[in-house]
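Below is the file data_14.tsv, which contains TSV, C-alpha atoms.
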chain	number	residue	atom	x	y	z
A	1	MET	CA	26.80	11.64	55.48
A	2	TYR	CA	28.10	15.15	56.02
A	3	ILE	CA	25.43	17.60	54.89
A	4	ILE	CA	25.73	21.38	54.87
A	5	VAL	CA	22.55	23.42	55.02
A	6	VAL	CA	22.75	27.06	53.95
A	7	GLY	CA	20.14	29.23	55.64
A	8	GLY	CA	18.82	28.76	59.17
A	9	GLY	CA	15.29	30.06	58.62
A	10	ARG	CA	12.21	28.00	59.28
A	11	LEU	CA	12.92	25.59	56.46
A	12	GLY	CA	16.61	25.27	57.37
A	13	TYR	CA	15.75	24.71	61.00
A	14	TYR	CA	13.28	21.89	60.41
A	15	LEU	CA	15.51	20.33	57.76
A	16	LEU	CA	18.39	20.37	60.25
A	17	LYS	CA	16.23	18.66	62.87
A	18	ALA	CA	15.06	15.99	60.43
A	19	LEU	CA	18.56	15.25	59.15
A	20	LEU	CA	20.00	15.09	62.67
A	21	ASN	CA	17.26	12.63	63.62
A	22	GLU	CA	18.30	10.44	60.73
A	23	GLY	CA	21.79	10.36	62.20
A	24	HIS	CA	23.62	12.53	59.69
A	25	GLU	CA	26.39	14.96	60.45
A	26	VAL	CA	24.75	18.30	59.68
A	27	LEU	CA	25.89	21.90	59.87
A	28	VAL	CA	23.77	24.98	59.22
A	29	LEU	CA	25.35	28.16	57.92
A	30	GLU	CA	23.47	31.26	58.97
A	31	LYS	CA	24.40	34.93	58.65
A	32	ASP	CA	22.20	36.26	61.44
A	33	VAL	CA	23.87	35.95	64.83
A	34	ARG	CA	20.55	35.80	66.73
A	35	VAL	CA	19.11	33.06	64.54
A	36	CYS	CA	22.36	31.16	64.94
A	37	LYS	CA	22.23	31.50	68.72
A	38	THR	CA	18.65	30.20	68.89
A	39	ILE	CA	19.63	27.10	66.93
A	40	THR	CA	22.76	26.53	69.02
A	41	ASP	CA	20.85	26.94	72.31
A	42	GLU	CA	18.28	24.43	71.23
A	43	LEU	CA	20.16	21.84	69.21
A	44	GLY	CA	23.80	22.20	70.21
A	45	SER	CA	26.76	23.37	68.17
A	46	VAL	CA	25.31	22.59	64.75
A	47	CYS	CA	25.13	26.18	63.49
A	48	PHE	CA	28.04	28.16	62.12
A	49	ARG	CA	27.68	31.89	61.76
A	50	GLY	CA	28.75	32.97	58.31
A	51	ASP	CA	27.79	33.60	54.71
A	52	GLY	CA	27.26	30.28	52.93
A	53	CYS	CA	27.97	31.95	49.57
A	54	GLU	CA	31.52	32.79	50.57
A	55	ALA	CA	34.21	30.35	49.54
A	56	SER	CA	36.19	31.12	52.70
A	57	THR	CA	33.27	30.30	55.00
A	58	LEU	CA	32.67	27.07	53.13
A	59	ALA	CA	36.39	26.23	53.40
A	60	GLU	CA	36.33	26.86	57.15
A	61	VAL	CA	33.54	24.33	57.73
A	62	GLY	CA	35.26	21.64	55.69
A	63	THR	CA	32.97	21.71	52.67
A	64	GLY	CA	35.57	19.71	50.78
A	65	ARG	CA	34.47	16.56	52.59
A	66	ALA	CA	30.73	17.30	52.44
A	67	ASP	CA	28.55	14.80	50.59
A	68	MET	CA	25.79	17.28	49.99
A	69	LEU	CA	24.96	20.97	50.24
A	70	VAL	CA	21.37	22.13	50.53
A	71	ALA	CA	20.69	25.86	50.04
A	72	VAL	CA	17.36	26.90	51.53
A	73	THR	CA	17.58	30.66	52.04
A	74	GLY	CA	14.67	32.79	50.91
A	75	ASP	CA	16.60	34.27	47.99
A	76	ASP	CA	17.07	32.33	44.78
A	77	GLU	CA	20.27	34.17	43.85
A	78	ASP	CA	21.90	33.27	47.18
A	79	ASN	CA	20.90	29.63	46.82
A	80	LEU	CA	22.32	29.53	43.30
A	81	VAL	CA	25.67	31.02	44.31
A	82	ALA	CA	26.01	28.80	47.40
A	83	CYS	CA	25.50	25.72	45.22
A	84	GLN	CA	27.89	26.94	42.54
A	85	VAL	CA	30.66	27.78	45.02
A	86	ALA	CA	30.20	24.38	46.71
A	87	LYS	CA	30.34	22.60	43.38
A	88	HIS	CA	33.16	24.46	41.66
A	89	LYS	CA	35.39	25.41	44.60
A	90	HIS	CA	34.84	22.44	46.87
A	91	ASN	CA	33.71	19.65	44.53
A	92	VAL	CA	30.61	18.81	46.54
A	93	PRO	CA	29.03	15.88	44.65
A	94	ARG	CA	25.39	16.85	45.18
A	95	THR	CA	23.87	20.31	45.50
A	96	ILE	CA	20.21	21.08	46.14
A	97	ALA	CA	18.63	24.52	45.86
A	98	ARG	CA	15.29	25.77	47.05
A	99	LEU	CA	13.49	27.98	44.56
A	100	ARG	CA	11.09	30.79	45.24
A	101	ASN	CA	10.48	31.46	41.57
A	102	PRO	CA	9.53	28.17	39.85
A	103	GLN	CA	10.66	29.61	36.52
A	104	ASN	CA	14.28	29.39	37.69
A	105	ALA	CA	14.31	25.58	37.65
A	106	ALA	CA	15.66	25.18	34.11
A	107	LEU	CA	18.24	27.93	34.58
A	108	PHE	CA	19.60	26.42	37.80
A	109	LYS	CA	19.92	23.01	36.16
A	110	LYS	CA	21.78	24.57	33.27
A	111	LEU	CA	24.12	26.31	35.70
A	112	GLY	CA	25.06	23.07	37.44
A	113	VAL	CA	22.70	22.76	40.42
A	114	ASP	CA	21.83	19.05	40.73
A	115	VAL	CA	18.35	19.30	42.21
A	116	THR	CA	15.91	22.19	42.51
A	117	ILE	CA	12.86	22.27	44.72
A	118	SER	CA	10.23	24.87	44.11
A	119	THR	CA	8.36	25.47	47.34
A	120	THR	CA	5.77	27.47	45.40
A	121	ASP	CA	5.02	24.54	43.07
A	122	ILE	CA	4.82	22.07	45.93
A	123	ILE	CA	2.32	24.20	47.84
A	124	ILE	CA	0.17	24.68	44.71
A	125	GLU	CA	0.24	20.94	43.95
A	126	THR	CA	-0.77	20.07	47.49
A	127	ILE	CA	-3.65	22.53	47.50
A	128	GLU	CA	-4.84	21.30	44.09
A	129	ARG	CA	-4.89	17.77	45.44
A	130	GLU	CA	-7.20	18.91	48.22
A	131	VAL	CA	-9.69	20.47	45.81
A	132	PRO	CA	-12.05	17.50	45.29
A	133	THR	CA	-13.44	18.57	41.91
A	134	HIS	CA	-10.08	19.17	40.36
A	135	PRO	CA	-9.95	16.76	37.38
A	136	LEU	CA	-6.17	16.54	37.12
A	137	THR	CA	-3.65	16.56	39.92
A	138	GLN	CA	0.07	16.40	39.52
A	139	LEU	CA	1.37	13.85	42.02
A	140	MET	CA	5.05	13.96	41.29
A	141	SER	CA	7.53	15.46	38.92
A	142	LEU	CA	10.43	13.38	37.56
A	143	ASP	CA	12.61	16.32	36.57
A	144	GLU	CA	15.52	14.33	35.22
A	145	LYS	CA	13.25	12.40	32.82
A	146	GLY	CA	11.11	15.41	31.93
A	147	LEU	CA	7.98	13.55	33.02
A	148	VAL	CA	5.20	14.02	35.53
A	149	ILE	CA	2.93	11.53	37.26
A	150	VAL	CA	-0.67	12.69	37.34
A	151	ASP	CA	-3.99	11.58	38.73
A	152	VAL	CA	-7.05	12.14	36.49
A	153	LYS	CA	-10.55	11.68	37.91
A	154	ILE	CA	-13.30	10.37	35.66
A	155	SER	CA	-16.65	11.86	36.65
A	156	THR	CA	-20.23	11.15	35.58
A	157	GLU	CA	-20.03	14.10	33.15
A	158	SER	CA	-17.01	12.63	31.35
A	159	THR	CA	-18.04	11.65	27.82
A	160	THR	CA	-15.47	8.85	27.92
A	161	VAL	CA	-17.44	6.80	30.47
A	162	GLY	CA	-18.15	3.38	28.90
A	163	LYS	CA	-15.38	3.73	26.30
A	164	MET	CA	-12.42	1.41	26.02
A	165	VAL	CA	-8.87	2.64	26.55
A	166	LYS	CA	-7.97	1.90	22.89
A	167	GLU	CA	-10.77	4.23	21.75
A	168	LEU	CA	-9.20	7.22	23.48
A	169	SER	CA	-6.85	9.48	21.54
A	170	LEU	CA	-4.15	9.79	24.16
A	171	PRO	CA	-1.12	12.00	23.54
A	172	LYS	CA	1.75	9.73	22.53
A	173	GLU	CA	3.97	10.91	25.40
A	174	SER	CA	1.39	9.56	27.87
A	175	LYS	CA	1.10	6.13	29.43
A	176	LEU	CA	-1.73	5.00	31.68
A	177	ALA	CA	-0.25	3.19	34.65
A	178	LEU	CA	-3.07	2.29	36.97
A	179	ILE	CA	-6.83	2.58	37.42
A	180	ILE	CA	-8.18	2.96	40.94
A	181	PRO	CA	-11.96	2.45	40.64
A	182	HIS	CA	-14.54	3.92	43.00
A	183	GLU	CA	-15.35	0.36	44.07
A	184	GLY	CA	-13.47	-2.85	43.47
A	185	SER	CA	-9.80	-3.55	43.06
A	186	THR	CA	-7.06	-1.48	41.50
A	187	HIS	CA	-6.04	-2.73	38.05
A	188	VAL	CA	-3.53	-2.04	35.30
A	189	PRO	CA	-5.38	-0.71	32.24
A	190	ALA	CA	-5.30	-2.77	29.02
A	191	ALA	CA	-6.49	-1.80	25.53
A	192	ASN	CA	-10.01	-3.11	26.17
A	193	THR	CA	-10.42	-1.80	29.73
A	194	VAL	CA	-13.63	0.22	29.99
A	195	LEU	CA	-13.64	3.55	31.83
A	196	ARG	CA	-16.20	4.00	34.60
A	197	ALA	CA	-17.37	7.08	36.44
A	198	GLY	CA	-15.44	7.42	39.66
A	199	ASP	CA	-12.26	5.90	38.22
A	200	GLN	CA	-9.03	7.51	39.24
A	201	ILE	CA	-6.36	7.07	36.59
A	202	ILE	CA	-2.70	7.33	37.42
A	203	ALA	CA	-0.68	8.23	34.33
A	204	VAL	CA	2.79	9.27	33.28
A	205	THR	CA	3.07	12.15	30.81
A	206	SER	CA	5.22	15.07	29.78
A	207	PRO	CA	4.40	18.39	31.48
A	208	GLU	CA	3.39	19.89	28.11
A	209	THR	CA	0.82	17.21	27.31
A	210	LYS	CA	-0.82	17.21	30.75
A	211	GLU	CA	-3.85	19.14	29.57
A	212	ALA	CA	-4.19	17.11	26.36
A	213	LEU	CA	-4.17	13.94	28.45
A	214	ARG	CA	-6.87	15.31	30.73
A	215	ALA	CA	-9.01	16.20	27.71
A	216	ALA	CA	-8.50	12.76	26.13
A	217	LEU	CA	-9.39	10.93	29.34
A	218	ARG	CA	-12.44	13.00	30.25
A	219	GLY	CA	-13.64	13.96	26.81
A	220	ILE	CA	-14.85	17.35	28.04
B	1	MET	CA	25.61	49.39	20.57
B	2	LYS	CA	22.64	48.35	22.67
B	3	ILE	CA	23.61	48.28	26.33
B	4	ILE	CA	21.57	47.04	29.27
B	5	ILE	CA	22.64	48.11	32.74
B	6	MET	CA	21.20	46.44	35.80
B	7	GLY	CA	21.26	48.62	38.90
B	8	CYS	CA	20.88	52.40	38.87
B	9	GLY	CA	23.11	53.24	41.80
B	10	ARG	CA	25.91	55.82	41.65
B	11	VAL	CA	28.05	53.74	39.35
B	12	GLY	CA	25.16	52.47	37.24
B	13	ALA	CA	23.67	55.92	36.69
B	14	ARG	CA	27.03	57.47	35.88
B	15	PHE	CA	28.03	54.68	33.50
B	16	ALA	CA	24.60	54.91	31.82
B	17	SER	CA	24.94	58.61	31.17
B	18	LEU	CA	28.52	58.21	29.85
B	19	MET	CA	27.42	55.56	27.35
B	20	ASP	CA	24.33	57.59	26.45
B	21	GLU	CA	26.50	60.65	25.73
B	22	ASP	CA	28.57	58.49	23.38
B	23	GLY	CA	25.46	57.76	21.37
B	24	HIS	CA	24.74	54.20	22.52
B	25	GLU	CA	21.27	52.84	23.03
B	26	VAL	CA	21.09	52.46	26.82
B	27	THR	CA	18.47	50.76	29.01
B	28	VAL	CA	18.80	50.92	32.80
B	29	LEU	CA	16.98	48.34	34.88
B	30	ASP	CA	16.28	48.76	38.59
B	31	ASN	CA	13.73	47.31	41.01
B	32	ASP	CA	13.38	50.67	42.76
B	33	THR	CA	12.15	53.53	40.57
B	34	TYR	CA	13.41	56.05	43.14
B	35	SER	CA	16.97	55.26	42.09
B	36	PHE	CA	16.30	56.66	38.60
B	37	ARG	CA	16.58	60.15	40.17
B	38	ARG	CA	20.34	59.69	39.82
B	39	LEU	CA	20.10	59.82	36.02
B	40	PRO	CA	20.85	63.30	34.62
B	41	ALA	CA	18.03	65.31	33.02
B	42	SER	CA	19.83	65.00	29.68
B	43	PHE	CA	19.72	61.17	29.76
B	44	GLY	CA	18.20	59.97	26.49
B	45	GLY	CA	18.01	56.24	27.19
B	46	THR	CA	15.31	54.11	28.82
B	47	ALA	CA	14.83	53.67	32.56
B	48	LEU	CA	12.89	50.49	33.21
B	49	PHE	CA	11.40	49.15	36.44
B	50	GLY	CA	12.16	45.48	36.84
B	51	ASN	CA	14.05	42.75	38.65
B	52	GLY	CA	17.14	41.83	36.63
B	53	ILE	CA	17.31	38.27	37.96
B	54	ASP	CA	14.00	37.58	36.26
B	55	GLU	CA	14.18	36.33	32.67
B	56	GLU	CA	10.95	38.14	31.80
B	57	ALA	CA	12.31	41.48	33.02
B	58	GLN	CA	15.48	40.98	30.97
B	59	LYS	CA	13.33	40.27	27.92
B	60	ARG	CA	11.32	43.44	28.47
B	61	ALA	CA	14.59	45.37	28.60
B	62	GLY	CA	15.41	44.00	25.14
B	63	ILE	CA	18.06	41.49	26.15
B	64	GLU	CA	17.57	39.50	22.94
B	65	GLU	CA	19.01	42.34	20.86
B	66	ALA	CA	21.56	43.57	23.42
B	67	ASP	CA	25.28	43.73	22.63
B	68	VAL	CA	26.37	44.36	26.21
B	69	PHE	CA	24.90	43.52	29.63
B	70	VAL	CA	26.43	45.01	32.78
B	71	ALA	CA	25.34	44.08	36.33
B	72	LEU	CA	25.97	46.79	38.93
B	73	THR	CA	23.62	46.15	41.85
B	74	GLN	CA	24.81	46.09	45.46
B	75	GLY	CA	24.38	42.33	45.68
B	76	ASP	CA	27.17	40.13	44.36
B	77	ASN	CA	24.82	37.17	44.04
B	78	ARG	CA	22.18	39.16	42.17
B	79	ASN	CA	24.86	40.34	39.76
B	80	VAL	CA	26.19	36.83	39.29
B	81	MET	CA	22.76	35.36	38.65
B	82	SER	CA	21.61	38.05	36.22
B	83	CYS	CA	24.87	37.82	34.28
B	84	GLN	CA	24.58	34.06	33.99
B	85	ILE	CA	21.04	34.46	32.62
B	86	ALA	CA	22.25	37.05	30.09
B	87	LYS	CA	25.18	34.88	29.05
B	88	HIS	CA	23.75	31.36	29.10
B	89	VAL	CA	20.06	31.92	28.34
B	90	PHE	CA	20.17	34.91	26.01
B	91	ASN	CA	23.72	34.54	24.64
B	92	VAL	CA	24.53	38.25	25.00
B	93	PRO	CA	27.95	38.76	23.31
B	94	ARG	CA	29.47	40.75	26.17
B	95	VAL	CA	28.45	40.34	29.79
B	96	MET	CA	30.20	42.17	32.60
B	97	CYS	CA	29.71	41.51	36.28
B	98	ARG	CA	30.66	43.52	39.35
B	99	ILE	CA	31.55	41.26	42.29
B	100	TYR	CA	32.80	42.90	45.49
B	101	ASP	CA	34.01	39.67	47.10
B	102	PRO	CA	37.45	38.93	45.56
B	103	LEU	CA	37.17	35.16	46.16
B	104	ARG	CA	33.82	34.91	44.43
B	105	GLU	CA	35.13	37.17	41.69
B	106	GLU	CA	38.03	34.80	41.00
B	107	MET	CA	35.77	31.78	40.88
B	108	TYR	CA	33.27	33.27	38.45
B	109	SER	CA	36.06	34.62	36.33
B	110	ALA	CA	37.43	31.07	36.13
B	111	LEU	CA	33.95	29.93	35.13
B	112	GLY	CA	34.03	32.29	32.16
B	113	LEU	CA	32.27	35.45	33.31
B	114	GLU	CA	33.91	38.81	32.66
B	115	THR	CA	34.18	40.07	36.23
B	116	ILE	CA	35.45	43.15	38.02
B	117	SER	CA	36.04	43.33	41.76
B	118	PRO	CA	35.98	47.00	42.84
B	119	THR	CA	37.47	45.86	46.15
B	120	LYS	CA	40.59	44.50	44.47
B	121	VAL	CA	40.86	47.32	41.94
B	122	PHE	CA	40.53	50.10	44.49
B	123	ALA	CA	42.89	48.55	47.05
B	124	GLN	CA	45.49	48.10	44.31
B	125	LEU	CA	44.96	51.67	43.12
B	126	LEU	CA	45.56	53.05	46.62
B	127	LYS	CA	48.68	50.93	47.03
B	128	ASP	CA	50.05	52.07	43.67
B	129	LYS	CA	49.52	55.71	44.61
B	130	ILE	CA	51.33	55.30	47.94
B	131	ASP	CA	54.17	53.37	46.27
B	132	LYS	CA	54.62	56.11	43.70
B	133	LYS	CA	54.83	58.83	46.36
B	134	GLU	CA	57.48	56.84	48.25
B	135	GLU	CA	59.50	56.32	45.10
B	136	LYS	CA	59.44	60.06	44.47
B	137	ALA	CA	60.53	60.83	48.04
B	138	GLU	CA	63.43	58.42	47.67
B	139	ASP	CA	64.60	60.12	44.48

Take the structure from the file and write it as structure tokens.
Amino acid sequence: MYIIVVGGGRLGYYLLKALLNEGHEVLVLEKDVRVCKTITDELGSVCFRGDGCEASTLAEVGTGRADMLVAVTGDDEDNLVACQVAKHKHNVPRTIARLRNPQNAALFKKLGVDVTISTTDIIIETIEREVPTHPLTQLMSLDEKGLVIVDVKISTESTTVGKMVKELSLPKESKLALIIPHEGSTHVPAANTVLRAGDQIIAVTSPETKEALRAALRGI
Amino acid sequence: MKIIIMGCGRVGARFASLMDEDGHEVTVLDNDTYSFRRLPASFGGTALFGNGIDEEAQKRAGIEEADVFVALTQGDNRNVMSCQIAKHVFNVPRVMCRIYDPLREEMYSALGLETISPTKVFAQLLKDKIDKKEEKAED
């Protein structure tokens, strides 16, 4: 695959390395001549100095035959424009933009960017996962479906301990997928499955009903 | 008319005061309050601190009731992004975007934004002036 990466900062640099290791044809576009030189010295001629938002720069590096463009500069507006120019001027089939401001996700989708990745959200999710007492952790977001996969921990204080799944008033957008008990084997919950303290429940839900699901599962 | 101007540089400040003098309701948005010094003492509109590529800041500026949104910051991409928010999120009836880069200007114009490239306009203006002088000399 021919992949163009816009922005040779830390993220661009490590992304370039990873994609090269996977055997792809990769080119980084970077405005700063010094940054470009560092990359070239270390990894060979895989960095082109230029503005990835400019149609002429993109034309020069053969964007027309690129399978994917990934914009990972530190500025949301630059990432948006790079993706839009790639899409509309060069018909790149897949464009991915990094977001600094998570609120821009819906806007970027509306404006034709195929995939958005909010580094802020990812860092928050990862930290939340590491906080042991956190009752609900978002594991994954399925943006195209408008769903999230979450992990809810049942503790000894949960008033739902001892209740059956059918007794819980779960939001209708939610589905329980899996129960990972403190001890014993992982099982798929049925209507008469009883909740135990220490259970970890993996569920699919809409982002809006996340909190309602947590409340229904923990009862507190 | 209610007009929101993003960017209080030389052009933004001057345009704001022209529209203000004509009796329009003008709000100027800039992420550096120091640039508001360019507004004349007689300016009767609102100068608001905020980042125009942020939906919240546009809302605070009253984008939902605006008739016109004009983006005049130094950054082409900031202008493009703020204009697309104004047009596609808030459905502002008239959105105008300054884009220095002629290639980018043509593309966004094709995508339906009302764009102006000062680069193209000014180069053409200079050429026209020179052409006129030559024509006169030939006469």

Open item on the list: Residues of chain A within 8 Å of chain B, counting only C-alpha atoms - could you list those as a list of chain:residue names?
Closed with: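 Contact residues on the first chain: A:Glu54, A:Ala55, A:Ser56, A:Glu77, A:Asp78, A:Leu80, A:Val81, A:Val85, A:His88, A:Lys89, A:Leu107, A:Leu111.
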
- [ ] Between A:Met68, A:Ile202, A:Leu16, A:Val194, single out the one closest to Gly44 of chain A, counting only C-alpha atoms.
- [x] A:Leu16

Open item on the list: Using all atoms listed in the file - which residues lie no farther than 6 Å from the point (23.6, 18.8, 40.2) in the file's frame? Write them as a PyMOL selection string.
Closed with: chain A and resi 94-95+112-115

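Proximity to Phe43 of chain B at 9 Å, evaluated using only C-alpha atoms and with sequence-adjacent residues fewer than 3 positions away removed, yields B:Ala16, B:Ser17, B:Asp20, B:Glu21, B:Leu39, B:Pro40, B:Thr46.
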
Task: Using only C-alpha atoms: which of A:Ala106, A:Ala86, A:Val165, A:Ile127 has the shortest distance to Glu144 of chain A - done: A:Ala106

Open item on the list: Between atom CA of Leu11 of chain A and atom CA of His134 of chain A, what is the distance in Å, rounded to a tenth?
Closed with: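 According to the coordinates, atom CA of Leu11 of chain A and atom CA of His134 of chain A are separated by 28.8 Å.
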
From the block I gave, I'd like segment 2-15 of chain A written with N, CA and C atoms, as a PDB file, in the first residue's frame.
ATOM      1  N   TYR A   2       0.431   2.269  -0.710  1.00  0.00           N
ATOM      2  CA  TYR A   2       1.142   3.545  -0.659  1.00  0.00           C
ATOM      3  C   TYR A   2       0.406   4.457   0.317  1.00  0.00           C
ATOM      4  N   ILE A   3       1.098   4.815   1.395  1.00  0.00           N
ATOM      5  CA  ILE A   3       0.479   5.617   2.447  1.00  0.00           C
ATOM      6  C   ILE A   3       1.237   6.929   2.611  1.00  0.00           C
ATOM      7  N   ILE A   4       0.499   8.036   2.613  1.00  0.00           N
ATOM      8  CA  ILE A   4       1.124   9.338   2.837  1.00  0.00           C
ATOM      9  C   ILE A   4       0.794   9.798   4.252  1.00  0.00           C
ATOM     10  N   VAL A   5       1.838  10.195   4.976  1.00  0.00           N
ATOM     11  CA  VAL A   5       1.652  10.692   6.335  1.00  0.00           C
ATOM     12  C   VAL A   5       1.949  12.187   6.322  1.00  0.00           C
ATOM     13  N   VAL A   6       1.013  12.994   6.780  1.00  0.00           N
ATOM     14  CA  VAL A   6       1.238  14.436   6.833  1.00  0.00           C
ATOM     15  C   VAL A   6       1.624  14.820   8.262  1.00  0.00           C
ATOM     16  N   GLY A   7       2.814  15.376   8.415  1.00  0.00           N
ATOM     17  CA  GLY A   7       3.301  15.764   9.734  1.00  0.00           C
ATOM     18  C   GLY A   7       4.357  14.803  10.230  1.00  0.00           C
ATOM     19  N   GLY A   8       5.581  15.306  10.407  1.00  0.00           N
ATOM     20  CA  GLY A   8       6.692  14.447  10.813  1.00  0.00           C
ATOM     21  C   GLY A   8       7.081  14.638  12.271  1.00  0.00           C
ATOM     22  N   GLY A   9       6.131  15.010  13.091  1.00  0.00           N
ATOM     23  CA  GLY A   9       6.399  15.150  14.532  1.00  0.00           C
ATOM     24  C   GLY A   9       6.578  13.782  15.154  1.00  0.00           C
ATOM     25  N   ARG A  10       6.484  13.734  16.478  1.00  0.00           N
ATOM     26  CA  ARG A  10       6.703  12.468  17.166  1.00  0.00           C
ATOM     27  C   ARG A  10       5.756  11.379  16.670  1.00  0.00           C
ATOM     28  N   LEU A  11       4.481  11.740  16.562  1.00  0.00           N
ATOM     29  CA  LEU A  11       3.494  10.757  16.129  1.00  0.00           C
ATOM     30  C   LEU A  11       3.769  10.312  14.685  1.00  0.00           C
ATOM     31  N   GLY A  12       4.032  11.286  13.809  1.00  0.00           N
ATOM     32  CA  GLY A  12       4.319  10.978  12.414  1.00  0.00           C
ATOM     33  C   GLY A  12       5.537  10.089  12.269  1.00  0.00           C
ATOM     34  N   TYR A  13       6.552  10.395  13.085  1.00  0.00           N
ATOM     35  CA  TYR A  13       7.801   9.648  13.021  1.00  0.00           C
ATOM     36  C   TYR A  13       7.604   8.180  13.396  1.00  0.00           C
ATOM     37  N   TYR A  14       6.916   7.949  14.526  1.00  0.00           N
ATOM     38  CA  TYR A  14       6.724   6.563  14.962  1.00  0.00           C
ATOM     39  C   TYR A  14       5.732   5.816  14.065  1.00  0.00           C
ATOM     40  N   LEU A  15       4.773   6.538  13.525  1.00  0.00           N
ATOM     41  CA  LEU A  15       3.831   5.931  12.591  1.00  0.00           C
ATOM     42  C   LEU A  15       4.581   5.488  11.328  1.00  0.00           C
TER      43      LEU A  15
END
